[in-house]
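Enquirer: Okay, handing you the structure first.
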Amino acid sequence: MPGWRENLAQAQTQLARVPKIAWAVAGVIGVSLGVVAWLEMSGPPYVVLDEGLSPADGGKVIAQLQKLSIPYQLQAAGNIILVPAPELAQARLQLGQAQVPGSDVATAWSQVENAPMTASDLAQSTMAVQALQLSLQQSIESMNGIRSAQVFLAVPPNTPFLADQPKATASVVIDADSAQAQAQGQAIANLVAGAVPGLSAQQVSVETTSGVAVFPATGAMATGAQFAIVSQVESNAAARIAGLLIPLVGAGNFQTDVSADLDFTQEHIHQISYGPTHMISHQISAQSSQNGSSSAAIGIPGALSNEPPQATTASAATPPPTSGGTAAAAPGASATPAAPAQPQQTTSN
């Protein structure tokens with residue numbers, strides 16, 4: 001009886017007679033069968049359903065997928081949601097029907113538009129304020145350096161029985177770095193004030209999640225902003241100096257130290273100017289016109305002063321002679337002036 005060594009030698013001899021191409025074909029077939037078996041055992045491939053969602057929106061999608069009994073996988077720390085490829089279309093349609101994840105802003109405004117007729121004025125105004133808060137929150141979060149934001153509006157209703165209407169106020173809480181918060185504080189206050197009627201920027205308070213007041217700027221915050229400006233000026237000056245020295249001495253062969261001294265003094269000047277150039281010219285002009293005869297009656301009707309003046313005539317009678325004078329001339333003769341009387345002198349012996 002042959003031993004196992006002899007059987008092994010015979011098998012090797014027979015296998016050596018098989019062509020190499022047959023071995024290659026068998027190997028390819030074996031690998032294909034292995035891949036198919038692995039795919040069947042591992043399940044269908046997963047494809048991307050949503051990516052780049054916020055934690056809140058991602059949680060809504062996962063909760064809806066669990067209700068629909070659709071398997072899912074998470075990648076990139078939960079920023080990417082995968083579902084089986086055969087169920088991708090079904091998942092998208094059912095999520096769209098449920099408005100998931102949806103936009104909170106769109107949902108809020110949709111509730112305002114579709115409010116029932118039985119809703120009170122207070123309920124409608126409250127829903128409108130909430131929708132406006134979400135819209136402002138979304139706009140603030142889109143700013144550079146702002147990670148998250150919350151907006152709170154206090155809009156009192158208009159009361160016609162009050163002489164002094166209460167003014168609207170607003171508060172904004174942002175999650176951002178100190179430098180970014182200082183840079184965006186004024187812009188956030190102007191944005192909120194422009195969206196609410198009757199709200200001024202000074203009535204808007206902006207704070208960070210760490211409790212630092214960004215706007216209106218306090219003394220400490222103003223000092224921090226000044227330090228940031230000084231630092232920026234120094235860094236820009238150092239960069240310019242480095243740009244001039246690197247072509248001459250080479251990078252790393254010099255050291256620069258810039259110290260900026262900026263004057264942040266503020267002055268408020270109230271000026272009133274007087275003088276000829278600031279005088280207001282004053283001129284009075286009167287103009288009258290009269291139509292008709294100059295002798296026409298004017299004034300109040302019925303008054304004696306309204307009668308036109310009578311024409312004056314000279315008297316034809318000769319005035320009587322005066323004592324010591326000469327006789328009157330005959331009618332028709334020309335009158336000559338009388339000579340003055342000469343004084344008479346008498347001589348007495």
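Quick note on naming: the chains in the structure tokens go A, B, ... in the order shown, residues restart at 1 in each chain, and ligands are numbered from 1 in order of appearance.
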Set the distance at 10 Å and use only C-alpha atoms: which residues neighbour Ile241 (chain A) once local chain neighbours fewer than 6 positions away are removed? I'd like the list as a PyMOL selection string.

Expert: chain A and resi 235+255-258

Enquirer: For the selection just defined, write its residues with C-alpha atoms to a file, as a PDB file, in the first residue's frame.

Expert:
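Generated output (selection_24.pdb):
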```
ATOM      1  CA  SER A 235       1.260  93.637  13.280  1.00  0.00           C
ATOM      2  CA  GLN A 255      14.152  90.791  14.331  1.00  0.00           C
ATOM      3  CA  THR A 256      11.544  93.536  14.472  1.00  0.00           C
ATOM      4  CA  ASP A 257       9.688  94.943  17.435  1.00  0.00           C
ATOM      5  CA  VAL A 258       6.958  97.552  16.854  1.00  0.00           C
TER       6      VAL A 258
END
```

Enquirer: Using only C-alpha atoms, determine which residues lie at most 9 Å from Ser200 (chain A), disregarding the query and same-chain residues fewer than 5 positions distant; provide the list as an MDAnalysis selection string.

Expert: chainID A and resid 168:169 189:190 192:194

Enquirer: Determine which residues of region 128-218 of chain A DSSP labels as strand (DSSP E or B) from the backbone of this structure, then write them out as a list of chain:residue names.

Expert: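 DSSP-assigned strand (DSSP E or B) residues in region 128-218 of chain A: A:Ile146, A:Arg147, A:Ser148, A:Ala149, A:Gln150, A:Val151, A:Phe152, A:Leu153, A:Ala154, A:Thr169, A:Ala170, A:Ser171, A:Val172, A:Val173, A:Ile174, A:Asp175, A:Ala176, A:Val204, A:Ser205, A:Val206, A:Glu207, A:Thr208, A:Ala213, A:Val214, A:Phe215.
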
Enquirer: Write the selection just made, keeping N, CA and C atoms, as a JSON list (two decimals), in the first residue's frame?

Expert:
```json
[["chain", "number", "residue", "atom", "x", "y", "z"],
["A", 146, "ILE", "N", -19.54, 83.90, 13.95],
["A", 146, "ILE", "CA", -20.63, 83.66, 14.88],
["A", 146, "ILE", "C", -21.04, 82.20, 14.76],
["A", 147, "ARG", "N", -20.85, 81.45, 15.84],
["A", 147, "ARG", "CA", -21.20, 80.03, 15.82],
["A", 147, "ARG", "C", -22.69, 79.81, 16.06],
["A", 148, "SER", "N", -23.28, 80.51, 16.96],
["A", 148, "SER", "CA", -24.72, 80.39, 17.25],
["A", 148, "SER", "C", -25.19, 81.70, 17.85],
["A", 149, "ALA", "N", -26.51, 81.89, 17.82],
["A", 149, "ALA", "CA", -27.09, 83.14, 18.32],
["A", 149, "ALA", "C", -28.51, 82.89, 18.77],
["A", 150, "GLN", "N", -28.95, 83.70, 19.72],
["A", 150, "GLN", "CA", -30.33, 83.71, 20.19],
["A", 150, "GLN", "C", -30.80, 85.15, 20.27],
["A", 151, "VAL", "N", -32.00, 85.40, 19.77],
["A", 151, "VAL", "CA", -32.55, 86.74, 19.72],
["A", 151, "VAL", "C", -33.83, 86.77, 20.54],
["A", 152, "PHE", "N", -33.95, 87.79, 21.38],
["A", 152, "PHE", "CA", -35.14, 87.99, 22.22],
["A", 152, "PHE", "C", -35.66, 89.40, 21.96],
["A", 153, "LEU", "N", -36.90, 89.49, 21.52],
["A", 153, "LEU", "CA", -37.52, 90.77, 21.21],
["A", 153, "LEU", "C", -38.65, 91.04, 22.20],
["A", 154, "ALA", "N", -38.70, 92.27, 22.67],
["A", 154, "ALA", "CA", -39.79, 92.74, 23.53],
["A", 154, "ALA", "C", -40.49, 93.87, 22.79],
["A", 169, "THR", "N", -37.54, 96.84, 22.85],
["A", 169, "THR", "CA", -36.17, 96.52, 23.22],
["A", 169, "THR", "C", -35.82, 95.14, 22.69],
["A", 170, "ALA", "N", -34.53, 94.84, 22.66],
["A", 170, "ALA", "CA", -34.07, 93.55, 22.14],
["A", 170, "ALA", "C", -32.78, 93.15, 22.83],
["A", 171, "SER", "N", -32.57, 91.84, 22.92],
["A", 171, "SER", "CA", -31.35, 91.27, 23.49],
["A", 171, "SER", "C", -30.87, 90.14, 22.58],
["A", 172, "VAL", "N", -29.57, 90.09, 22.37],
["A", 172, "VAL", "CA", -28.96, 89.09, 21.50],
["A", 172, "VAL", "C", -27.82, 88.43, 22.26],
["A", 173, "VAL", "N", -27.81, 87.10, 22.27],
["A", 173, "VAL", "CA", -26.75, 86.31, 22.89],
["A", 173, "VAL", "C", -26.05, 85.53, 21.78],
["A", 174, "ILE", "N", -24.74, 85.73, 21.65],
["A", 174, "ILE", "CA", -23.98, 85.10, 20.57],
["A", 174, "ILE", "C", -22.88, 84.23, 21.17],
["A", 175, "ASP", "N", -22.54, 83.22, 20.42],
["A", 175, "ASP", "CA", -21.42, 82.35, 20.77],
["A", 175, "ASP", "C", -20.31, 82.60, 19.76],
["A", 176, "ALA", "N", -19.30, 83.35, 20.16],
["A", 176, "ALA", "CA", -18.22, 83.73, 19.26],
["A", 176, "ALA", "C", -16.99, 84.08, 20.08],
["A", 204, "VAL", "N", -30.72, 97.96, 21.81],
["A", 204, "VAL", "CA", -30.35, 96.56, 21.57],
["A", 204, "VAL", "C", -29.09, 96.25, 22.37],
["A", 205, "SER", "N", -29.14, 95.20, 23.16],
["A", 205, "SER", "CA", -27.97, 94.76, 23.93],
["A", 205, "SER", "C", -27.47, 93.44, 23.36],
["A", 206, "VAL", "N", -26.17, 93.38, 23.10],
["A", 206, "VAL", "CA", -25.53, 92.20, 22.53],
["A", 206, "VAL", "C", -24.52, 91.68, 23.54],
["A", 207, "GLU", "N", -24.65, 90.42, 23.89],
["A", 207, "GLU", "CA", -23.75, 89.79, 24.86],
["A", 207, "GLU", "C", -23.29, 88.45, 24.33],
["A", 208, "THR", "N", -22.16, 88.00, 24.86],
["A", 208, "THR", "CA", -21.64, 86.69, 24.51],
["A", 208, "THR", "C", -22.10, 85.65, 25.53],
["A", 213, "ALA", "N", -20.50, 91.93, 27.77],
["A", 213, "ALA", "CA", -21.35, 92.85, 27.01],
["A", 213, "ALA", "C", -20.57, 93.39, 25.82],
["A", 214, "VAL", "N", -21.09, 93.17, 24.63],
["A", 214, "VAL", "CA", -20.44, 93.60, 23.40],
["A", 214, "VAL", "C", -20.96, 94.96, 22.95],
["A", 215, "PHE", "N", -22.28, 95.15, 23.04],
["A", 215, "PHE", "CA", -22.91, 96.40, 22.62],
["A", 215, "PHE", "C", -24.11, 96.66, 23.51]]
```

Enquirer: Show me, as a PyMOL selection string, the residues that have an atom within 10 Å of Ala183 (chain A) when counting only C-alpha atoms, minus same-chain residues fewer than 2 positions from it.

Expert: chain A and resi 144-145+177-181+185-188+214+225+228

Enquirer: Measure the distance from CA of Met127 (chain A) to CA of Ser210 (chain A) in Å and round it to one decimal.

Expert: 29.4 Å
